[in-house]
Each structure stands twice: as C-alpha cells, then as structure tokens.
Amino acid sequence: GTKVLTVQVAGLQRKPRPGRVIRDKLRIYAHCTHIRNHNYLRGSITIYIINLHRSRKKIKLAGTLRDKTVHQYLFQPYGVQGLQAKSVQLNGRPLVMIDDETFPELKPRTLRAGRIVVVPPLSIGFYVVKNANAPSCKFR
C-alpha cells in the first residue's frame with residue numbers, strides 16, 4: 001500500500017546475542033484516520049502503539065508532525081491485577097458500559113503540539129494526529 005508514516009525508534013535496535021531471542025515489545029503502526037470520528041479532517045493519521053515493555057517509552061513526533069495537535073486514546077488495565085484485570089481504563093478513567101448495549105463515550109486527551117508522547121508500560125494507545133495532511137490519506 002501507500003506509505004503513510006515512517007517510524008524510527010532510537011535505542012531499540014540491538015543485535016541478538018547467541019542463544020537469545022529478541023522480541024519486539026514496542027510496536028508502532030499508522031493508518032488514515034476515519035473522518036466521521038470527532039470530525040477529523042482528511043489527511044489526519046492515527047498512530048497505534050503497543051508497549052509490552054515493563055517501562056514507559058517516549059515517542060517524539062518529528063518533521064511536520066511535531067507541530068500538530070494529537071488526540072490520545074490510551075488504554076490500560078484497571079486495577080491491581082495488571083494484564084489480568086477484568087476492567088480497562090481510557091486516559092486514566094475506568095470505562096463502564098452505560099447499559100448492556102451502550103458503550104461509554106470515548107473522550108480523547110488532547111496533547112499540545114510539540115509534546116513528547118509517553119506510552120506507559122503494558123498499554124495500548126491510539127494517537128490521532130489532527131490535520132497531518134498525509135497525502136495518502138487525503139483522498140480516502
């Protein structure tokens with residue numbers, strides 16, 4: 001497909017030692033943002049980050065992306081059970097169904113332009129870069 005985003009993460013590239021397997025514990029993907037959600041404009045991109053490390057990771061948006069506002073949707077386990085928790089939180093608040101059929105409103109946390117994205121350990125985040133003007137996302 002058409003390239004939406006190129007990502008380089010400093011400090012994570014290391015050579016395997018004999019007998020040791022390196023697993024990719026920080027995964028980063030990008031796709032065009034659906035324009036019906038929160039009235040995002042064509043050309044916006046969503047960066048999807050999975051951090052399976054036991055420590056937080058910092059992601060710095062570079063180039064034209066560093067000057068853009070970002071909407072964060074950060075999902076983490078809720079409670080002391082960690083990954084075995086039966087509940088999940090969004091941006092630090094527990095997600096609770098309204099009733100048996102209705103999901104709660106998913107409200108983003110706005111990160112100001114130029115801010116480093118901090119991804120907590122054992123979390124999944126969606127980061128919408130508003131008005132990114134990604135050429136491959138303008139005509140979708």
# chains A, B, ... in the order shown; residues from 1 in each chain; ligands from 1
$ residues_around --residues "Pro94 of chain A" --least-positions-apart "3" --cutoff "12 Å" --atoms "only C-alpha atoms" --output "list in words"
Leu74, Phe75, Gln76, Pro77, Tyr78, Gly79, Ala85, Lys86, Ser87, Val88, Gln89, Leu90, Asn91, Met97, Pro104, Glu105, Leu106 and Lys107 of chain A
$ closest_atom_pairs --of "segment 89-132 of chain A" --to "segment 54-73 of chain A" --cutoff "8 Å" --atoms "only C-alpha atoms" --output "JSON lines"
{"residue": "A:Leu90", "atom": "CA", "partner": "A:Tyr73", "partner_atom": "CA", "distance": 6.4}
{"residue": "A:Asn91", "atom": "CA", "partner": "A:Tyr73", "partner_atom": "CA", "distance": 6.2}
{"residue": "A:Leu106", "atom": "CA", "partner": "A:Tyr73", "partner_atom": "CA", "distance": 7.9}
{"residue": "A:Lys107", "atom": "CA", "partner": "A:Tyr73", "partner_atom": "CA", "distance": 7.5}
{"residue": "A:Pro108", "atom": "CA", "partner": "A:Gln72", "partner_atom": "CA", "distance": 5.3}
{"residue": "A:Arg109", "atom": "CA", "partner": "A:Gln72", "partner_atom": "CA", "distance": 5.0}
{"residue": "A:Thr110", "atom": "CA", "partner": "A:His71", "partner_atom": "CA", "distance": 4.7}
{"residue": "A:Leu111", "atom": "CA", "partner": "A:Val70", "partner_atom": "CA", "distance": 5.1}
{"residue": "A:Arg112", "atom": "CA", "partner": "A:Thr69", "partner_atom": "CA", "distance": 5.2}
{"residue": "A:Ala113", "atom": "CA", "partner": "A:Thr69", "partner_atom": "CA", "distance": 4.6}
{"residue": "A:Gly114", "atom": "CA", "partner": "A:Arg66", "partner_atom": "CA", "distance": 4.8}
{"residue": "A:Arg115", "atom": "CA", "partner": "A:Lys60", "partner_atom": "CA", "distance": 7.6}
{"residue": "A:Ile116", "atom": "CA", "partner": "A:Lys60", "partner_atom": "CA", "distance": 4.9}
{"residue": "A:Val117", "atom": "CA", "partner": "A:Ile59", "partner_atom": "CA", "distance": 5.0}
{"residue": "A:Val118", "atom": "CA", "partner": "A:Lys58", "partner_atom": "CA", "distance": 4.6}
{"residue": "A:Val119", "atom": "CA", "partner": "A:Lys57", "partner_atom": "CA", "distance": 5.2}
{"residue": "A:Pro120", "atom": "CA", "partner": "A:Arg56", "partner_atom": "CA", "distance": 4.3}
{"residue": "A:Pro121", "atom": "CA", "partner": "A:Arg56", "partner_atom": "CA", "distance": 4.8}
{"residue": "A:Leu122", "atom": "CA", "partner": "A:Arg54", "partner_atom": "CA", "distance": 6.4}
{"residue": "A:Gly125", "atom": "CA", "partner": "A:Tyr73", "partner_atom": "CA", "distance": 5.6}
{"residue": "A:Phe126", "atom": "CA", "partner": "A:Tyr73", "partner_atom": "CA", "distance": 5.0}
{"residue": "A:Tyr127", "atom": "CA", "partner": "A:Gln72", "partner_atom": "CA", "distance": 4.7}
{"residue": "A:Val128", "atom": "CA", "partner": "A:His71", "partner_atom": "CA", "distance": 5.0}
{"residue": "A:Val129", "atom": "CA", "partner": "A:Val70", "partner_atom": "CA", "distance": 4.6}
{"residue": "A:Lys130", "atom": "CA", "partner": "A:Thr69", "partner_atom": "CA", "distance": 5.8}
{"residue": "A:Asn131", "atom": "CA", "partner": "A:Lys68", "partner_atom": "CA", "distance": 7.1}
{"residue": "A:Ala132", "atom": "CA", "partner": "A:Leu65", "partner_atom": "CA", "distance": 6.4}
$ write_last_selection --atoms "N, CA and C atoms" --output "PDB file, in the first residue's frame"
ATOM      1  N   LEU A  90      -9.499   4.261  30.129  1.00  0.00           N
ATOM      2  CA  LEU A  90      -9.150   5.106  28.990  1.00  0.00           C
ATOM      3  C   LEU A  90      -8.646   6.431  29.544  1.00  0.00           C
ATOM      4  N   ASN A  91      -7.408   6.765  29.222  1.00  0.00           N
ATOM      5  CA  ASN A  91      -6.789   8.013  29.679  1.00  0.00           C
ATOM      6  C   ASN A  91      -6.941   8.202  31.186  1.00  0.00           C
ATOM      7  N   LEU A 106     -16.058   7.716  24.195  1.00  0.00           N
ATOM      8  CA  LEU A 106     -14.604   7.628  24.261  1.00  0.00           C
ATOM      9  C   LEU A 106     -14.028   9.020  24.032  1.00  0.00           C
ATOM     10  N   LYS A 107     -13.664   9.679  25.117  1.00  0.00           N
ATOM     11  CA  LYS A 107     -13.177  11.056  25.031  1.00  0.00           C
ATOM     12  C   LYS A 107     -11.654  11.067  24.971  1.00  0.00           C
ATOM     13  N   PRO A 108     -11.095  11.785  23.992  1.00  0.00           N
ATOM     14  CA  PRO A 108      -9.634  11.847  23.905  1.00  0.00           C
ATOM     15  C   PRO A 108      -9.045  12.828  24.906  1.00  0.00           C
ATOM     16  N   ARG A 109      -7.779  12.648  25.165  1.00  0.00           N
ATOM     17  CA  ARG A 109      -6.996  13.637  25.917  1.00  0.00           C
ATOM     18  C   ARG A 109      -6.181  14.386  24.874  1.00  0.00           C
ATOM     19  N   THR A 110      -6.243  15.700  24.884  1.00  0.00           N
ATOM     20  CA  THR A 110      -5.527  16.500  23.889  1.00  0.00           C
ATOM     21  C   THR A 110      -4.101  16.755  24.351  1.00  0.00           C
ATOM     22  N   LEU A 111      -3.149  16.397  23.492  1.00  0.00           N
ATOM     23  CA  LEU A 111      -1.739  16.670  23.747  1.00  0.00           C
ATOM     24  C   LEU A 111      -1.342  17.846  22.870  1.00  0.00           C
ATOM     25  N   ARG A 112      -0.754  18.845  23.464  1.00  0.00           N
ATOM     26  CA  ARG A 112      -0.396  20.034  22.691  1.00  0.00           C
ATOM     27  C   ARG A 112       0.722  19.727  21.694  1.00  0.00           C
ATOM     28  N   ALA A 113       0.779  20.526  20.665  1.00  0.00           N
ATOM     29  CA  ALA A 113       1.786  20.356  19.617  1.00  0.00           C
ATOM     30  C   ALA A 113       3.188  20.393  20.212  1.00  0.00           C
ATOM     31  N   GLY A 114       4.051  19.531  19.722  1.00  0.00           N
ATOM     32  CA  GLY A 114       5.439  19.502  20.166  1.00  0.00           C
ATOM     33  C   GLY A 114       5.698  18.638  21.378  1.00  0.00           C
ATOM     34  N   ARG A 115       4.654  18.132  21.995  1.00  0.00           N
ATOM     35  CA  ARG A 115       4.816  17.335  23.212  1.00  0.00           C
ATOM     36  C   ARG A 115       5.290  15.926  22.873  1.00  0.00           C
ATOM     37  N   ILE A 116       6.166  15.381  23.693  1.00  0.00           N
ATOM     38  CA  ILE A 116       6.626  14.001  23.531  1.00  0.00           C
ATOM     39  C   ILE A 116       5.503  13.078  24.004  1.00  0.00           C
ATOM     40  N   VAL A 117       5.225  12.043  23.241  1.00  0.00           N
ATOM     41  CA  VAL A 117       4.191  11.072  23.595  1.00  0.00           C
ATOM     42  C   VAL A 117       4.827  10.050  24.537  1.00  0.00           C
ATOM     43  N   VAL A 118       4.284   9.933  25.736  1.00  0.00           N
ATOM     44  CA  VAL A 118       4.784   8.976  26.722  1.00  0.00           C
ATOM     45  C   VAL A 118       3.803   7.809  26.761  1.00  0.00           C
ATOM     46  N   VAL A 119       4.319   6.614  26.470  1.00  0.00           N
ATOM     47  CA  VAL A 119       3.486   5.410  26.434  1.00  0.00           C
ATOM     48  C   VAL A 119       3.838   4.565  27.662  1.00  0.00           C
ATOM     49  N   PRO A 120       2.897   4.454  28.616  1.00  0.00           N
ATOM     50  CA  PRO A 120       3.159   3.685  29.845  1.00  0.00           C
ATOM     51  C   PRO A 120       3.406   2.205  29.546  1.00  0.00           C
ATOM     52  N   PRO A 121       4.002   1.502  30.507  1.00  0.00           N
ATOM     53  CA  PRO A 121       4.232   0.065  30.302  1.00  0.00           C
ATOM     54  C   PRO A 121       2.917  -0.693  30.152  1.00  0.00           C
ATOM     55  N   LEU A 122       2.969  -1.760  29.366  1.00  0.00           N
ATOM     56  CA  LEU A 122       1.842  -2.673  29.200  1.00  0.00           C
ATOM     57  C   LEU A 122       0.552  -1.939  28.833  1.00  0.00           C
ATOM     58  N   GLY A 125      -2.157   2.394  22.882  1.00  0.00           N
ATOM     59  CA  GLY A 125      -2.628   3.752  22.654  1.00  0.00           C
ATOM     60  C   GLY A 125      -2.896   4.035  21.196  1.00  0.00           C
ATOM     61  N   PHE A 126      -3.912   4.840  20.962  1.00  0.00           N
ATOM     62  CA  PHE A 126      -4.209   5.359  19.631  1.00  0.00           C
ATOM     63  C   PHE A 126      -3.961   6.861  19.712  1.00  0.00           C
ATOM     64  N   TYR A 127      -3.170   7.382  18.804  1.00  0.00           N
ATOM     65  CA  TYR A 127      -2.821   8.798  18.813  1.00  0.00           C
ATOM     66  C   TYR A 127      -3.210   9.384  17.459  1.00  0.00           C
ATOM     67  N   VAL A 128      -4.219  10.240  17.468  1.00  0.00           N
ATOM     68  CA  VAL A 128      -4.702  10.847  16.230  1.00  0.00           C
ATOM     69  C   VAL A 128      -3.971  12.169  16.027  1.00  0.00           C
ATOM     70  N   VAL A 129      -3.209  12.237  14.950  1.00  0.00           N
ATOM     71  CA  VAL A 129      -2.508  13.469  14.612  1.00  0.00           C
ATOM     72  C   VAL A 129      -3.446  14.255  13.707  1.00  0.00           C
ATOM     73  N   LYS A 130      -4.059  15.280  14.309  1.00  0.00           N
ATOM     74  CA  LYS A 130      -5.057  16.069  13.589  1.00  0.00           C
ATOM     75  C   LYS A 130      -4.385  16.894  12.500  1.00  0.00           C
ATOM     76  N   ASN A 131      -5.062  16.984  11.377  1.00  0.00           N
ATOM     77  CA  ASN A 131      -4.598  17.832  10.272  1.00  0.00           C
ATOM     78  C   ASN A 131      -3.161  17.526   9.874  1.00  0.00           C
ATOM     79  N   ALA A 132      -2.788  16.248   9.845  1.00  0.00           N
ATOM     80  CA  ALA A 132      -1.423  15.874   9.483  1.00  0.00           C
ATOM     81  C   ALA A 132      -1.138  16.106   8.006  1.00  0.00           C
TER      82      ALA A 132
END
$ atom_distance --atom1 "atom CA of Leu41 of chain A" --atom2 "atom CA of Arg93 of chain A"
27.0 Å
$ atom_distance --atom1 "atom CA of Phe103 of chain A" --atom2 "atom CA of Arg36 of chain A"
17.3 Å
$ closest_residue --among "A:Leu26, A:Leu83, A:Cys32, A:Ile98" --to "Asn51 of chain A" --atoms "only C-alpha atoms"
A:Leu26
$ atom_distance --atom1 "atom CA of Pro135 of chain A" --atom2 "atom CA of Tyr48 of chain A"
18.9 Å
$ select_by_dssp --residues "chain A" --states "strand (DSSP E or B)" --output "count of residues only"
45
